[in-house]
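Novice: So that you have it, the file is protein04.cif, and it contains mmCIF, C-alpha atoms:
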```cif
data_upload
#
loop_
_atom_site.label_atom_id
_atom_site.label_comp_id
_atom_site.auth_asym_id
_atom_site.auth_seq_id
_atom_site.Cartn_x
_atom_site.Cartn_y
_atom_site.Cartn_z
CA MET I 193 2.26 15.97 66.73
CA THR I 194 1.98 12.20 67.16
CA ASP I 195 4.49 11.64 69.94
CA TYR I 196 1.99 11.15 72.75
CA THR I 197 0.32 8.14 74.30
CA LEU I 198 -3.39 7.46 74.53
CA ARG I 199 -3.24 7.88 78.31
CA GLU I 200 -1.66 11.31 77.86
CA LEU I 201 -4.31 12.22 75.30
CA MET I 202 -7.19 11.09 77.54
CA THR I 203 -5.78 13.06 80.48
CA ILE I 204 -5.49 16.24 78.43
CA VAL I 205 -8.97 15.79 76.92
CA ALA I 206 -10.41 15.55 80.43
CA ALA I 207 -8.41 18.55 81.66
CA ARG I 208 -9.84 20.63 78.80
CA GLN I 209 -13.37 19.98 80.09
CA ILE I 210 -12.64 21.60 83.46
CA ARG I 211 -13.43 25.29 83.89
CA ASP I 212 -11.72 27.79 86.15
CA GLY I 213 -13.26 28.00 89.60
CA GLU I 214 -14.78 24.51 89.51
CA ILE I 215 -14.39 22.17 92.49
CA LEU I 216 -13.01 18.79 91.46
CA PHE I 217 -13.93 15.57 93.26
CA CYS I 218 -11.68 12.86 91.91
CA GLY I 219 -10.35 9.42 92.70
CA THR I 220 -7.12 7.61 92.02
CA GLY I 221 -5.23 7.36 88.74
CA ILE I 222 -5.99 9.19 85.55
CA SER I 223 -8.84 11.24 87.06
CA MET I 224 -6.46 12.65 89.67
CA LEU I 225 -3.88 13.42 86.99
CA ALA I 226 -6.51 15.18 84.85
CA ALA I 227 -7.46 17.38 87.81
CA MET I 228 -3.80 18.25 88.39
CA ALA I 229 -3.28 19.05 84.70
CA ALA I 230 -6.37 21.27 84.62
CA LYS I 231 -4.94 23.48 87.37
CA HIS I 232 -1.91 24.15 85.18
CA ILE I 233 -3.65 24.29 81.79
CA SER I 234 -7.17 25.72 81.94
CA ALA I 235 -8.33 26.14 85.53
CA PRO I 236 -5.71 27.62 87.89
CA LYS I 237 -8.41 28.59 90.41
CA SER I 238 -10.01 25.16 90.52
CA VAL I 239 -10.06 23.32 93.85
CA ILE I 240 -9.28 19.61 94.19
CA PHE I 241 -10.69 17.54 97.03
CA PHE I 242 -10.85 13.87 97.94
CA GLU I 243 -13.22 11.57 99.79
CA THR I 244 -10.53 11.03 102.42
CA GLY I 245 -11.12 14.63 103.56
CA ALA I 246 -8.24 16.54 101.94
CA ILE I 247 -9.67 19.78 100.56
CA ASP I 248 -7.81 22.17 98.24
CA SER I 249 -4.74 19.96 97.89
CA ARG I 250 -1.65 21.50 96.33
CA LEU I 251 -0.49 18.19 94.82
CA GLU I 252 3.11 18.99 93.96
CA GLU I 253 3.62 15.25 93.44
CA VAL I 254 1.02 12.91 92.01
CA PRO I 255 -0.45 10.67 94.75
CA LEU I 256 -0.94 6.98 94.05
CA ALA I 257 -4.26 6.78 95.94
CA VAL I 258 -6.77 9.03 97.67
CA ALA I 259 -5.30 7.86 100.99
CA ASP I 260 -1.73 8.69 99.94
CA PRO I 261 -0.36 11.28 102.44
CA ARG I 262 0.60 13.48 99.49
CA VAL I 263 -3.06 14.45 99.00
CA MET I 264 -2.84 16.29 102.34
CA TYR I 265 0.18 18.44 101.48
CA HIS I 266 -0.58 22.18 101.95
CA THR I 267 -4.35 21.69 101.95
CA SER I 268 -6.78 24.33 103.11
CA MET I 269 -8.32 21.68 105.33
CA ASN I 270 -7.69 18.06 106.26
CA GLY I 271 -11.12 16.86 107.22
CA THR I 272 -13.10 13.64 107.15
CA LEU I 273 -15.19 11.64 104.71
CA GLY I 274 -18.20 13.55 106.03
CA ASP I 275 -16.54 16.90 105.30
CA SER I 276 -15.73 15.98 101.71
CA PHE I 277 -19.23 14.71 100.99
CA SER I 278 -20.82 17.76 102.60
CA VAL I 279 -18.85 19.95 100.19
CA MET I 280 -20.21 17.88 97.32
CA GLN I 281 -23.83 17.94 98.53
CA ASN I 282 -23.97 21.58 99.67
CA ARG I 283 -25.90 23.32 96.91
CA LYS I 284 -23.97 26.57 97.28
CA THR I 285 -20.72 24.81 96.45
CA GLY I 286 -22.30 21.81 94.73
CA ARG I 287 -23.31 23.87 91.73
CA ARG I 288 -19.63 24.09 90.84
CA VAL I 289 -18.55 20.55 91.79
CA VAL I 290 -17.27 18.26 89.04
CA GLY I 291 -17.10 14.53 89.72
CA ILE I 292 -14.57 12.50 87.75
CA MET I 293 -15.61 8.85 87.57
CA GLY I 294 -15.18 5.47 85.89
CA ALA I 295 -17.26 2.29 85.61
CA ALA I 296 -17.55 -1.17 84.08
CA GLN I 297 -20.60 -0.33 81.94
CA ILE I 298 -22.36 2.76 80.62
CA ASP I 299 -25.60 3.19 78.65
CA ILE I 300 -26.78 5.84 76.20
CA PHE I 301 -28.06 8.08 79.03
CA GLY I 302 -24.79 7.96 80.96
CA ASN I 303 -26.00 5.62 83.70
CA LEU I 304 -23.15 3.60 85.18
CA ASN I 305 -22.61 0.08 86.51
CA SER I 306 -19.69 -0.62 88.83
CA THR I 307 -21.34 -3.45 90.78
CA VAL I 308 -21.76 -6.70 88.81
CA ILE I 309 -21.59 -8.25 85.35
CA GLY I 310 -24.44 -10.69 84.90
CA ASP I 311 -27.26 -11.46 87.31
CA TYR I 312 -26.87 -9.69 90.65
CA HIS I 313 -27.44 -12.85 92.66
CA GLU I 314 -25.28 -15.08 90.45
CA PRO I 315 -22.86 -12.66 88.78
CA LYS I 316 -20.14 -13.53 86.31
CA VAL I 317 -18.02 -10.79 87.88
CA ARG I 318 -18.60 -8.84 91.08
CA PHE I 319 -16.87 -5.48 91.47
CA SER I 320 -16.28 -3.36 94.54
CA GLY I 321 -19.59 -1.57 94.05
CA SER I 322 -20.62 2.03 94.44
CA GLY I 323 -18.31 3.35 97.13
CA GLY I 324 -19.14 7.03 96.79
CA ALA I 325 -19.96 6.81 93.07
CA CYS I 326 -23.74 6.88 93.50
CA ASP I 327 -23.50 9.94 95.74
CA VAL I 328 -21.18 11.69 93.30
CA ALA I 329 -23.40 10.96 90.28
CA SER I 330 -26.49 11.98 92.23
CA PHE I 331 -25.31 15.26 93.73
CA VAL I 332 -22.56 16.91 91.69
CA ASP I 333 -23.50 19.43 89.07
CA LYS I 334 -21.36 17.90 86.35
CA SER I 335 -19.59 14.58 85.92
CA LEU I 336 -16.82 13.44 83.61
CA ILE I 337 -16.60 9.71 82.96
CA PHE I 338 -13.56 7.70 81.89
CA MET I 339 -14.26 4.51 79.91
CA GLN I 340 -12.48 2.05 77.65
CA HIS I 341 -14.25 2.12 74.30
CA GLU I 342 -15.53 -1.46 73.95
CA PRO I 343 -18.94 -2.99 73.09
CA ARG I 344 -19.02 -4.83 76.43
CA LYS I 345 -18.75 -1.48 78.22
CA PHE I 346 -21.09 0.63 76.06
CA VAL I 347 -24.25 -1.44 76.48
CA LYS I 348 -27.94 -1.04 75.62
CA LYS I 349 -28.95 -2.14 79.11
CA LEU I 350 -26.85 -2.15 82.25
CA ASP I 351 -26.55 -5.35 84.22
CA TYR I 352 -26.97 -3.21 87.33
CA LEU I 353 -27.57 0.52 87.78
CA THR I 354 -25.01 1.71 90.32
CA SER I 355 -24.82 5.43 89.56
CA PRO I 356 -27.51 7.55 87.85
CA GLY I 357 -26.77 9.52 84.72
CA TRP I 358 -29.78 10.96 82.92
CA LEU I 359 -31.71 7.82 83.96
CA PHE I 360 -34.10 7.06 81.06
CA GLY I 361 -35.03 10.42 79.56
CA PRO I 362 -34.71 14.22 79.65
CA ASP I 363 -36.80 14.87 82.78
CA ASP I 364 -36.05 11.72 84.76
CA ARG I 365 -33.39 13.20 87.04
CA LYS I 366 -35.75 16.00 88.05
CA LYS I 367 -38.63 13.56 88.62
CA ALA I 368 -36.35 11.45 90.81
CA GLY I 369 -35.47 14.51 92.90
CA LEU I 370 -31.82 14.53 91.85
CA PRO I 371 -30.05 17.91 91.75
CA GLY I 372 -27.24 18.80 89.39
CA SER I 373 -26.84 18.72 85.66
CA GLY I 374 -25.94 15.07 85.22
CA PRO I 375 -23.11 13.63 83.12
CA SER I 376 -21.35 16.10 80.86
CA ALA I 377 -18.81 14.05 78.89
CA VAL I 378 -17.35 10.57 78.45
CA ILE I 379 -13.63 10.39 77.74
CA THR I 380 -12.48 7.13 76.16
CA ASN I 381 -9.37 5.76 74.47
CA MET I 382 -11.00 6.57 71.11
CA ALA I 383 -13.20 9.63 71.47
CA LEU I 384 -14.89 12.36 73.46
CA MET I 385 -18.61 11.73 73.85
CA GLY I 386 -21.19 14.33 74.89
CA PHE I 387 -24.88 14.35 75.82
CA ASP I 388 -27.56 16.06 73.75
CA PRO I 389 -29.08 18.99 75.70
CA ASP I 390 -32.63 18.03 74.66
CA THR I 391 -32.75 14.22 74.48
CA LYS I 392 -29.93 13.66 77.03
CA LYS I 393 -28.68 10.82 74.82
CA MET I 394 -24.99 10.29 74.23
CA PHE I 395 -23.48 11.50 70.95
CA LEU I 396 -20.04 11.53 69.36
CA ASP I 397 -18.48 14.95 69.91
CA ARG I 398 -14.82 14.44 68.90
CA TYR I 399 -12.94 11.44 67.56
CA TYR I 400 -9.21 11.13 68.14
CA PRO I 401 -6.64 11.54 65.37
CA GLY I 402 -6.39 8.25 63.49
CA MET I 403 -9.95 7.24 64.39
CA SER I 404 -13.21 7.63 62.45
CA PRO I 405 -16.90 7.90 63.39
CA GLN I 406 -17.57 4.44 61.98
CA LYS I 407 -14.76 2.90 64.02
CA ILE I 408 -16.25 4.51 67.12
CA LEU I 409 -19.65 2.97 66.36
CA ASP I 410 -18.07 -0.42 65.71
CA HIS I 411 -16.81 -0.42 69.31
CA MET I 412 -20.20 0.31 70.92
CA GLY I 413 -23.20 -1.80 71.83
CA PHE I 414 -25.65 0.93 70.76
CA GLU I 415 -25.92 3.59 68.04
CA VAL I 416 -25.18 7.25 68.72
CA ASP I 417 -25.47 10.38 66.62
CA VAL I 418 -22.20 11.07 64.78
CA SER I 419 -23.47 13.81 62.46
CA LYS I 420 -21.75 16.66 64.33
CA ALA I 421 -18.52 14.84 65.11
CA GLU I 422 -15.18 16.46 64.32
CA GLU I 423 -11.60 15.33 64.74
CA LEU I 424 -10.12 16.27 68.09
CA ALA I 425 -7.32 18.81 68.19
CA PRO I 426 -4.24 16.88 69.37
CA PRO I 427 -2.33 17.86 72.51
CA THR I 428 -0.17 20.95 72.17
CA ARG I 429 3.49 21.02 73.09
CA ASP I 430 2.67 23.15 76.14
CA GLU I 431 -0.03 20.73 77.33
CA LEU I 432 2.29 17.76 77.01
CA ALA I 433 5.15 19.57 78.70
CA ILE I 434 2.93 20.47 81.67
CA LEU I 435 1.61 16.93 81.95
CA ARG I 436 5.03 15.29 81.71
CA GLU I 437 7.23 17.75 83.57
CA LYS I 438 4.95 19.26 86.23
CA CYS I 439 2.21 16.70 86.87
CA ASP I 440 3.79 13.26 86.49
CA PRO I 441 7.53 13.50 85.74
CA GLN I 442 8.07 10.03 87.22
CA ARG I 443 5.25 8.66 85.01
CA LEU I 444 3.63 6.96 87.97
CA ILE I 445 0.21 7.27 86.34
CA LEU I 446 1.16 7.91 82.71
CA GLY I 447 3.28 4.76 82.57
CA PRO I 448 6.21 4.07 80.22
#
```
Produce structure tokens that represent the structure in this file.
Specialist:
Amino acid sequence: MTDYTLRELMTIVAARQIRDGEILFCGTGISMLAAMAAKHISAPKSVIFFETGAIDSRLEEVPLAVADPRVMYHTSMNGTLGDSFSVMQNRKTGRRVVGIMGAAQIDIFGNLNSTVIGDYHEPKVRFSGSGGACDVASFVDKSLIFMQHEPRKFVKKLDYLTSPGWLFGPDDRKKAGLPGSGPSAVITNMALMGFDPDTKKMFLDRYYPGMSPQKILDHMGFEVDVSKAEELAPPTRDELAILREKCDPQRLILGP
């Protein structure tokens, strides 16, 4: 099948990474849609919650923001920011929490920058900053990261470290006192990237139909291992039907 958009493909790739019973902390846009799709595709017993305090949202319609009243429809609890972050940081539940994130820059160890481009004191671009991203990256057991696959985003050195990935080596998270298992995957508009269990460095896991390992490397600011890369299985008819008909029939997030 080739009748799908890149946004649909990225959403389904992310949904495939979510396991049944996991607790999903997500923001606005494609990350929210991926969490919704996962509940219908691979993880019916997963629980979605938001920093605005809505826990175990039913999400019969896709919300446009974490503060959209639709996130609070048929929840198990409508709490506060403190409640949502306590769920994330509680180690009994935190071992199953998945954070779905995005950023302006990422390095080979999955560290993220969502603060500035250029010098911090005289930046070329200043973004909104961490918000809850540093907390999410620090405390959740597993994080999925959405990125556009461009050299300016996949960089050898971040302009600013906003959210920790594997820091600078295999044992650095532990030495820094950070719980959790760190970043698990990076979903881009070209590929699915993983992290080596020993070195914690990023590698090419799957490249999308129509792409190639060399094209992936050409769109990065650093080299990654491509020796184990395989072509990604495209979305199935069932996956696309669920995404289009149940999750976002109005294409509010998927677009035209």
Novice: Using all atoms listed in the file, which residue out of I:Gly219, I:Gly302, I:Gly245, I:Gly274 lies closest to Lys349 in chain I?
Specialist: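 Once distances to Lys349 in chain I are computed over all atoms listed in the file, the minimum belongs to I:Gly302.
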Novice: On this structure, the PyMOL selection byres ((chain I and resi 205) around 12) would catch which residues? List them as a VMD selection string, sorted by chain and number.
Specialist: chain I and resid 198 to 204 206 to 210 222 to 223 225 to 227 229 to 230 233 to 234 336 to 338 377 to 385 397 to 400 424 to 428 431 to 432 435
Novice: Run through the PyMOL selection byres ((chain I and resi 290-301) around 7) on the given coordinates and return the selected residues as a PDB file with C-alpha atoms, keeping the file's coordinate frame.
Specialist:
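So the final result, stored in result12.pdb, reads:
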```pdb
ATOM      1  CA  GLU I 214     -14.780  24.510  89.510  1.00  0.00           C
ATOM      2  CA  ILE I 215     -14.390  22.170  92.490  1.00  0.00           C
ATOM      3  CA  LEU I 216     -13.010  18.790  91.460  1.00  0.00           C
ATOM      4  CA  PHE I 217     -13.930  15.570  93.260  1.00  0.00           C
ATOM      5  CA  CYS I 218     -11.680  12.860  91.910  1.00  0.00           C
ATOM      6  CA  SER I 223      -8.840  11.240  87.060  1.00  0.00           C
ATOM      7  CA  ARG I 288     -19.630  24.090  90.840  1.00  0.00           C
ATOM      8  CA  VAL I 289     -18.550  20.550  91.790  1.00  0.00           C
ATOM      9  CA  GLY I 302     -24.790   7.960  80.960  1.00  0.00           C
ATOM     10  CA  ASN I 303     -26.000   5.620  83.700  1.00  0.00           C
ATOM     11  CA  LEU I 304     -23.150   3.600  85.180  1.00  0.00           C
ATOM     12  CA  ASN I 305     -22.610   0.080  86.510  1.00  0.00           C
ATOM     13  CA  SER I 306     -19.690  -0.620  88.830  1.00  0.00           C
ATOM     14  CA  VAL I 328     -21.180  11.690  93.300  1.00  0.00           C
ATOM     15  CA  VAL I 332     -22.560  16.910  91.690  1.00  0.00           C
ATOM     16  CA  ASP I 333     -23.500  19.430  89.070  1.00  0.00           C
ATOM     17  CA  LYS I 334     -21.360  17.900  86.350  1.00  0.00           C
ATOM     18  CA  SER I 335     -19.590  14.580  85.920  1.00  0.00           C
ATOM     19  CA  LEU I 336     -16.820  13.440  83.610  1.00  0.00           C
ATOM     20  CA  ILE I 337     -16.600   9.710  82.960  1.00  0.00           C
ATOM     21  CA  PHE I 338     -13.560   7.700  81.890  1.00  0.00           C
ATOM     22  CA  MET I 339     -14.260   4.510  79.910  1.00  0.00           C
ATOM     23  CA  LYS I 345     -18.750  -1.480  78.220  1.00  0.00           C
ATOM     24  CA  PHE I 346     -21.090   0.630  76.060  1.00  0.00           C
ATOM     25  CA  VAL I 347     -24.250  -1.440  76.480  1.00  0.00           C
ATOM     26  CA  LYS I 348     -27.940  -1.040  75.620  1.00  0.00           C
ATOM     27  CA  LYS I 349     -28.950  -2.140  79.110  1.00  0.00           C
ATOM     28  CA  LEU I 350     -26.850  -2.150  82.250  1.00  0.00           C
ATOM     29  CA  GLY I 357     -26.770   9.520  84.720  1.00  0.00           C
ATOM     30  CA  TRP I 358     -29.780  10.960  82.920  1.00  0.00           C
ATOM     31  CA  LEU I 359     -31.710   7.820  83.960  1.00  0.00           C
ATOM     32  CA  PHE I 360     -34.100   7.060  81.060  1.00  0.00           C
ATOM     33  CA  LYS I 392     -29.930  13.660  77.030  1.00  0.00           C
ATOM     34  CA  LYS I 393     -28.680  10.820  74.820  1.00  0.00           C
ATOM     35  CA  MET I 394     -24.990  10.290  74.230  1.00  0.00           C
TER      36      MET I 394
END
```
Novice: For a quick check of understanding, using only C-alpha atoms, which of I:Gln406, I:Ser322, I:Ser249, I:Ser276 has the smallest distance to Val263 in chain I?
Specialist: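 For Val263 in chain I, the nearest of the candidates is I:Ser249.
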Novice: Separation of CA of Lys231 in chain I and CA of Gly271 in chain I, in Å?
Specialist: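 Interatomic distance, CA of Lys231 in chain I to CA of Gly271 in chain I: 21.8 Å.
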Novice: Could you state the separation of CA of Ala246 in chain I and CA of Arg262 in chain I in Å, given to one decimal place?
Specialist: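 Computing it gives 9.7 Å between the two atoms.
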Novice: Can you tell me how far CA of Glu342 in chain I sits from CA of His411 in chain I, in Å to one decimal?
Specialist: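 Taking CA of Glu342 in chain I and CA of His411 in chain I, their separation equals 4.9 Å.
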Novice: Any chance you could work out the residue set of the PyMOL selection byres ((chain I and resi 220) around 6) here, as a PyMOL selection string?
Specialist: chain I and resi 219+221+224+257-258
Novice: Which one of I:Met280, I:Ile309, I:Val418, I:Met228 sits closest to Asp388 in chain I if you count all atoms listed in the file?
Specialist: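 Of I:Met280, I:Ile309, I:Val418, I:Met228, the one nearest Asp388 in chain I is I:Val418, counting all atoms listed in the file.
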Novice: Write out as a list of chain:residue names which residues come within 6 Å of Phe395 in chain I when counting only C-alpha atoms, dropping same-chain ones fewer than 6 positions away.
Specialist: I:Met385, I:Gly386, I:Phe387, I:Val416, I:Asp417
Novice: Select, from I:Ile247, I:Ile408, I:Thr391, I:Asp327, the residue with the minimum atom-to-atom distance to Pro362 in chain I, counting all atoms listed in the file.
Specialist: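 Looking at the shortest contact to Pro362 in chain I, the residue is I:Thr391.
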